[in-house]
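File shown: coords.cif (mmCIF, C-alpha atoms).
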data_data
#
loop_
_atom_site.label_atom_id
_atom_site.label_comp_id
_atom_site.auth_asym_id
_atom_site.auth_seq_id
_atom_site.Cartn_x
_atom_site.Cartn_y
_atom_site.Cartn_z
CA TYR A 1 0.00 0.00 0.00
CA VAL A 2 1.35 3.41 -1.02
CA THR A 3 0.00 6.89 -0.41
CA VAL A 4 0.76 9.35 -3.16
CA TYR A 5 0.56 12.77 -1.51
CA GLY A 6 0.44 15.06 -4.55
CA SER A 7 -2.19 13.00 -6.39
CA LYS A 8 -4.60 12.20 -3.51
CA LEU A 9 -4.24 8.45 -4.14
CA LEU A 10 -3.85 5.28 -2.10
CA LEU A 11 -2.48 2.44 -4.23
CA LYS A 12 -2.53 -1.30 -3.56
CA LEU A 13 0.48 -2.93 -5.27
CA ASN A 14 1.43 -6.56 -5.71
CA SER A 15 4.87 -7.90 -4.73
CA ALA A 16 6.24 -6.87 -8.15
CA GLY A 17 5.09 -3.29 -7.60
CA VAL A 18 2.23 -3.52 -10.11
CA GLU A 19 -0.92 -1.59 -9.21
CA GLN A 20 -3.84 -3.85 -8.24
CA LYS A 21 -6.35 -1.29 -6.99
CA ARG A 22 -6.58 2.41 -6.18
CA LEU A 23 -8.58 4.72 -3.99
CA SER A 24 -8.91 8.39 -4.91
CA PHE A 25 -9.49 10.75 -2.01
CA SER A 26 -11.86 13.68 -2.45
CA GLU A 27 -10.90 17.33 -2.24
CA ALA A 28 -12.69 17.42 1.15
CA ASP A 29 -10.54 14.51 2.38
CA GLY A 30 -7.32 16.28 1.49
CA ALA A 31 -4.03 14.64 0.64
CA PRO A 32 -3.10 11.29 2.23
CA ARG A 33 0.08 11.29 4.29
CA TYR A 34 0.86 8.12 6.28
CA ILE A 35 -0.61 4.65 6.83
CA ALA A 36 -0.92 2.21 9.73
CA ALA A 37 -2.27 -1.32 9.12
CA GLU A 38 -3.92 -3.69 11.58
CA ASP A 39 -6.41 -6.58 11.24
CA GLU A 40 -7.13 -6.04 7.51
CA LYS A 41 -7.78 -2.33 8.03
CA LEU A 42 -5.71 0.63 6.87
CA TYR A 43 -5.67 3.89 8.79
CA VAL A 44 -4.60 6.82 6.61
CA THR A 45 -3.89 10.34 7.84
CA LEU A 46 -5.42 13.02 5.61
CA TYR A 47 -4.36 16.65 5.53
CA SER A 48 -8.00 17.67 6.02
CA GLY A 49 -7.54 16.86 9.71
CA LYS A 50 -9.00 13.37 9.53
CA VAL A 51 -7.95 9.73 9.68
CA ALA A 52 -9.72 7.41 7.24
CA LYS A 53 -10.48 3.79 8.19
CA ILE A 54 -10.21 1.68 5.03
CA ASP A 55 -10.89 -1.97 4.25
CA ALA A 56 -7.49 -3.23 3.06
CA ASN A 57 -8.99 -5.80 0.68
CA ASN A 58 -11.36 -3.67 -1.39
CA LEU A 59 -10.09 -0.14 -0.52
CA THR A 60 -13.45 1.20 0.64
CA ILE A 61 -13.60 3.93 3.26
CA GLU A 62 -15.49 2.72 6.34
CA GLY A 63 -15.32 5.90 8.37
CA TYR A 64 -13.42 8.97 9.50
CA ALA A 65 -12.09 10.24 12.81
CA ASN A 66 -11.36 13.93 13.25
CA VAL A 67 -7.92 14.66 14.67
CA GLY A 68 -5.80 17.86 14.64
CA ASP A 69 -4.49 20.12 11.89
CA ASN A 70 -2.44 18.41 9.21
CA PRO A 71 -1.94 14.96 10.74
CA GLU A 72 1.36 13.27 9.90
CA GLU A 73 2.52 9.83 11.08
CA ILE A 74 0.27 7.25 12.70
CA VAL A 75 0.99 4.05 14.67
CA GLU A 76 -1.15 1.35 16.27
CA GLU A 77 -0.47 -0.01 19.75
CA ASP A 78 -2.66 -2.21 21.93
CA GLY A 79 -6.00 -1.28 20.30
CA PHE A 80 -5.29 2.43 19.92
CA LEU A 81 -4.09 4.63 17.07
CA TYR A 82 -1.66 7.46 17.82
CA VAL A 83 -1.55 10.39 15.38
CA VAL A 84 0.77 13.42 15.49
CA ASN A 85 -0.73 16.67 14.20
CA SER A 86 1.82 19.10 12.78
CA GLY A 87 -0.40 21.96 11.71
CA TRP A 88 2.13 22.54 8.94
CA GLY A 89 0.72 24.40 5.97
CA THR A 90 -2.17 25.97 7.88
CA ALA A 91 -1.06 29.59 7.57
CA ILE A 92 1.96 28.81 9.77
CA LYS A 93 -0.28 27.84 12.70
CA TYR A 94 1.67 24.89 14.06
CA ASP A 95 -0.18 22.25 16.05
CA SER A 96 1.25 20.52 19.11
CA THR A 97 -0.98 17.51 19.72
CA LEU A 98 -0.97 13.74 19.70
CA THR A 99 -4.46 12.35 19.07
CA VAL A 100 -5.38 8.93 20.49
CA ILE A 101 -8.15 7.01 18.71
CA ASN A 102 -9.85 3.89 20.08
CA ARG A 103 -9.51 1.47 17.16
CA LYS A 104 -12.44 -0.72 18.26
CA ASP A 105 -15.15 1.94 17.89
CA PHE A 106 -13.01 4.43 15.89
CA THR A 107 -13.67 7.32 18.27
CA LEU A 108 -11.39 9.93 19.77
CA SER A 109 -10.04 8.75 23.13
CA LYS A 110 -7.88 11.72 24.13
CA THR A 111 -5.61 14.48 22.90
CA ILE A 112 -2.18 14.97 24.49
CA GLU A 113 -0.09 18.15 24.28
CA VAL A 114 3.36 17.52 22.80
CA ALA A 115 6.14 19.72 21.44
CA LYS A 116 5.24 22.14 18.65
CA ASN A 117 5.06 20.84 15.07
CA PRO A 118 5.36 17.05 15.67
CA PHE A 119 6.07 14.94 12.59
CA LYS A 120 7.01 11.39 13.71
CA VAL A 121 5.48 8.92 16.13
CA LEU A 122 6.62 5.39 16.95
CA GLU A 123 5.84 2.67 19.43
CA SER A 124 8.31 0.40 21.14
CA GLY A 125 7.54 -2.08 23.88
CA ASN A 126 4.10 -0.59 24.62
CA GLN A 127 5.59 2.90 24.81
CA ILE A 128 4.91 5.86 22.51
CA PHE A 129 7.55 8.34 21.35
CA VAL A 130 7.11 11.58 19.39
CA LEU A 131 9.65 13.60 17.38
CA ALA A 132 8.80 17.23 16.68
CA TYR A 133 10.43 20.17 15.00
CA GLY A 134 9.86 21.98 18.29
CA GLY A 135 9.30 25.39 16.79
CA ALA A 136 8.63 27.39 13.69
CA TYR A 137 10.85 27.32 10.64
CA PRO A 138 13.84 27.81 10.72
CA ASP A 139 14.19 27.70 14.52
CA TYR A 140 13.85 23.95 15.03
CA THR A 141 15.02 22.24 18.24
CA TYR A 142 13.99 18.62 17.37
CA PRO A 143 12.78 17.32 20.77
CA VAL A 144 12.16 13.58 21.19
CA GLN A 145 9.42 12.97 23.74
CA LYS A 146 8.30 9.89 25.65
CA ILE A 147 4.53 9.90 26.10
CA ASP A 148 2.86 8.85 29.34
CA VAL A 149 -0.54 8.11 27.80
CA ALA A 150 -2.32 7.33 31.08
CA ASN A 151 -1.33 10.67 32.61
CA GLU A 152 -1.48 12.56 29.30
CA LYS A 153 2.06 13.88 29.69
CA ALA A 154 4.95 14.29 27.24
CA THR A 155 8.51 14.38 28.59
CA THR A 156 11.43 15.48 26.44
CA ILE A 157 14.24 12.92 26.68
CA THR A 158 16.72 14.19 24.07
CA ASN A 159 16.97 15.83 20.65
CA ALA A 160 17.22 14.12 17.25
CA THR A 161 16.29 14.72 13.63
CA ASN A 162 15.15 11.17 12.89
CA MET A 163 14.24 8.02 14.80
CA CYS A 164 13.33 4.39 14.24
CA GLU A 165 12.87 1.26 16.34
CA TYR A 166 14.06 -2.33 16.08
CA ASN A 167 13.54 -5.11 18.63
CA GLY A 168 12.76 -2.74 21.48
CA THR A 169 15.67 -0.38 20.84
CA ILE A 170 15.13 3.16 19.59
CA TYR A 171 17.77 4.51 17.23
CA LEU A 172 18.21 8.26 16.91
CA ILE A 173 20.07 10.42 14.41
CA TYR A 174 20.92 14.05 14.93
CA SER A 175 21.94 15.68 11.67
CA GLU A 176 20.69 19.24 11.75
CA THR A 177 20.32 21.33 8.60
CA ASP A 178 20.98 25.08 8.62
CA TRP A 179 17.79 26.05 6.80
CA THR A 180 19.16 29.48 5.88
CA THR A 181 22.12 28.00 3.95
CA TYR A 182 20.83 24.40 3.47
CA GLU A 183 24.14 23.01 4.85
#
Before we go any further, please render this structure as C-alpha cells.
Amino acid sequence: YVTVYGSKLLLKLNSAGVEQKRLSFSEADGAPRYIAAEDEKLYVTLYSGKVAKIDANNLTIEGYANVGDNPEEIVEEDGFLYVVNSGWGTAIKYDSTLTVINRKDFTLSKTIEVAKNPFKVLESGNQIFVLAYGGAYPDYTYPVQKIDVANEKATTITNATNMCEYNGTIYLIYSETDWTTYE
C-alpha cells in the first residue's frame, strides 16, 4: 500500500510493484500522508484533519475520525491509534498535539499536548515516542518525547532529527540542517 501525496491516491500494489487497486481521495478529504495497518484495516492520515479507516482488501472507506491540523505519522499499539498533528501548511499555525483514537469503535479517546510541530510517532515495547520540529521554521530544536498516555504527559528525553525502532531499541540520528544555507 502506497499513499501518493500530490495526487490524492492510495495504491494497492502486488509484490512486483504492479498496481492492483486504487482509492482516490476527495478534495474534502485532502491529501493522504501516512498509513498504519492492523487486522485487515488501513488507517490513513489526511491533511484535512482526519484519519480514514479503510478496508485493506477492497479499498473502501469505512469511516473517518477527526484529529488535529495536518496529521502526519500514525501508529497502532494495543488497540489504539496514535496520530501526530503538525499543523504545517495551515497559515503557519503549528499544532502541538498527539491524538489517540480507540480502534475498536473508531472514536477519539484523548488528545495529548506535545512539542510544537510534531512529525514522527513510533511505538516500542508498549511505549509511545514523538519527534517534533519543536518550533517554527527555521528555529527547530527537534525534541524527542516519551509519552505517558495514562497521565497525558509528554517528557522530552533528548533531541534528534530522525528516529526508528528495532527489537525494542530506539535509534536516533541528529543531523541538523541550517535552513538558511541548506548546509
Within-6 Å shell of (-6.4, 10.0, 17.5) in input frame, only C-alpha atoms, as a PyMOL selection string: chain A and resi 67+81-83+99-101+108
Minimum-distance residue to Ala154 of chain A, chosen among A:Tyr137, A:Phe129, A:Phe119, A:Trp88 (using only C-alpha atoms):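 Comparing A:Tyr137, A:Phe129, A:Phe119, A:Trp88 against Ala154 of chain A, the winner is A:Phe129.
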If we count all atoms listed in the file, what is near segment 93-98 of chain A at a cut-off of 6 Å, once residues fewer than 4 positions away on the same chain are taken out, given as a short mmCIF file (atom, residue, chain, number, x, y, z; two decimals) with C-alpha atoms, in the coordinates of the input?
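Output saved as around_27.cif:
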data_model
loop_
_atom_site.label_atom_id
_atom_site.label_comp_id
_atom_site.auth_asym_id
_atom_site.auth_seq_id
_atom_site.Cartn_x
_atom_site.Cartn_y
_atom_site.Cartn_z
CA VAL A 83 -1.55 10.39 15.38
CA VAL A 84 0.77 13.42 15.49
CA ASN A 85 -0.73 16.67 14.20
CA SER A 86 1.82 19.10 12.78
CA GLY A 87 -0.40 21.96 11.71
CA TRP A 88 2.13 22.54 8.94
CA THR A 111 -5.61 14.48 22.90
CA ILE A 112 -2.18 14.97 24.49
CA GLU A 113 -0.09 18.15 24.28
CA VAL A 114 3.36 17.52 22.80
CA ALA A 115 6.14 19.72 21.44
CA LYS A 116 5.24 22.14 18.65
CA ASN A 117 5.06 20.84 15.07
#
8 Å contact set for Asn159 of chain A, all atoms listed in the file, chain neighbours under 5 positions out, as a list in words: Thr141, Tyr142, Pro143, Val144 and Tyr174 of chain A
Residue with smallest distance to Lys50 of chain A - pool A:Ala136, A:Ala31, A:Ala37, A:Ile128, counting all atoms listed in the file: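 Using all atoms listed in the file, Lys50 of chain A sits closest to A:Ala31.
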Between atom CA of Gln145 of chain A and atom CA of Tyr171 of chain A, distance in Å (one decimal): 13.6 Å
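Nearest-residue note for Glu27 of chain A: choosing from A:Asn14, A:Leu9, A:Tyr43, A:Thr181, the minimum distance belongs to A:Leu9, counting all atoms listed in the file.
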First collect every listed atom of segment 75-85 of chain A; then fit an axis-aligned box around them, widen it by 5 Å on each side, and give centre and edge lengths in Å to one decimal, as lines of an AutoDock Vina configuration file.
center_x = -2.5
center_y = 7.2
center_z = 18.1
size_x = 17.0
size_y = 28.9
size_z = 17.7
Residues matched by the PyMOL selection byres ((chain A and resi 176) around 10) as a list in words: Tyr140, Thr141, Tyr142, Ala160, Thr161, Asn162, Ile173, Tyr174, Ser175, Thr177, Asp178, Trp179, Tyr182 and Glu183 of chain A
Write the selection just made, keeping C-alpha atoms, as a PDB file, in the frame of the given file?
ATOM      1  CA  TYR A 140      13.850  23.950  15.030  1.00  0.00           C
ATOM      2  CA  THR A 141      15.020  22.240  18.240  1.00  0.00           C
ATOM      3  CA  TYR A 142      13.990  18.620  17.370  1.00  0.00           C
ATOM      4  CA  ALA A 160      17.220  14.120  17.250  1.00  0.00           C
ATOM      5  CA  THR A 161      16.290  14.720  13.630  1.00  0.00           C
ATOM      6  CA  ASN A 162      15.150  11.170  12.890  1.00  0.00           C
ATOM      7  CA  ILE A 173      20.070  10.420  14.410  1.00  0.00           C
ATOM      8  CA  TYR A 174      20.920  14.050  14.930  1.00  0.00           C
ATOM      9  CA  SER A 175      21.940  15.680  11.670  1.00  0.00           C
ATOM     10  CA  THR A 177      20.320  21.330   8.600  1.00  0.00           C
ATOM     11  CA  ASP A 178      20.980  25.080   8.620  1.00  0.00           C
ATOM     12  CA  TRP A 179      17.790  26.050   6.800  1.00  0.00           C
ATOM     13  CA  TYR A 182      20.830  24.400   3.470  1.00  0.00           C
ATOM     14  CA  GLU A 183      24.140  23.010   4.850  1.00  0.00           C
TER      15      GLU A 183
END
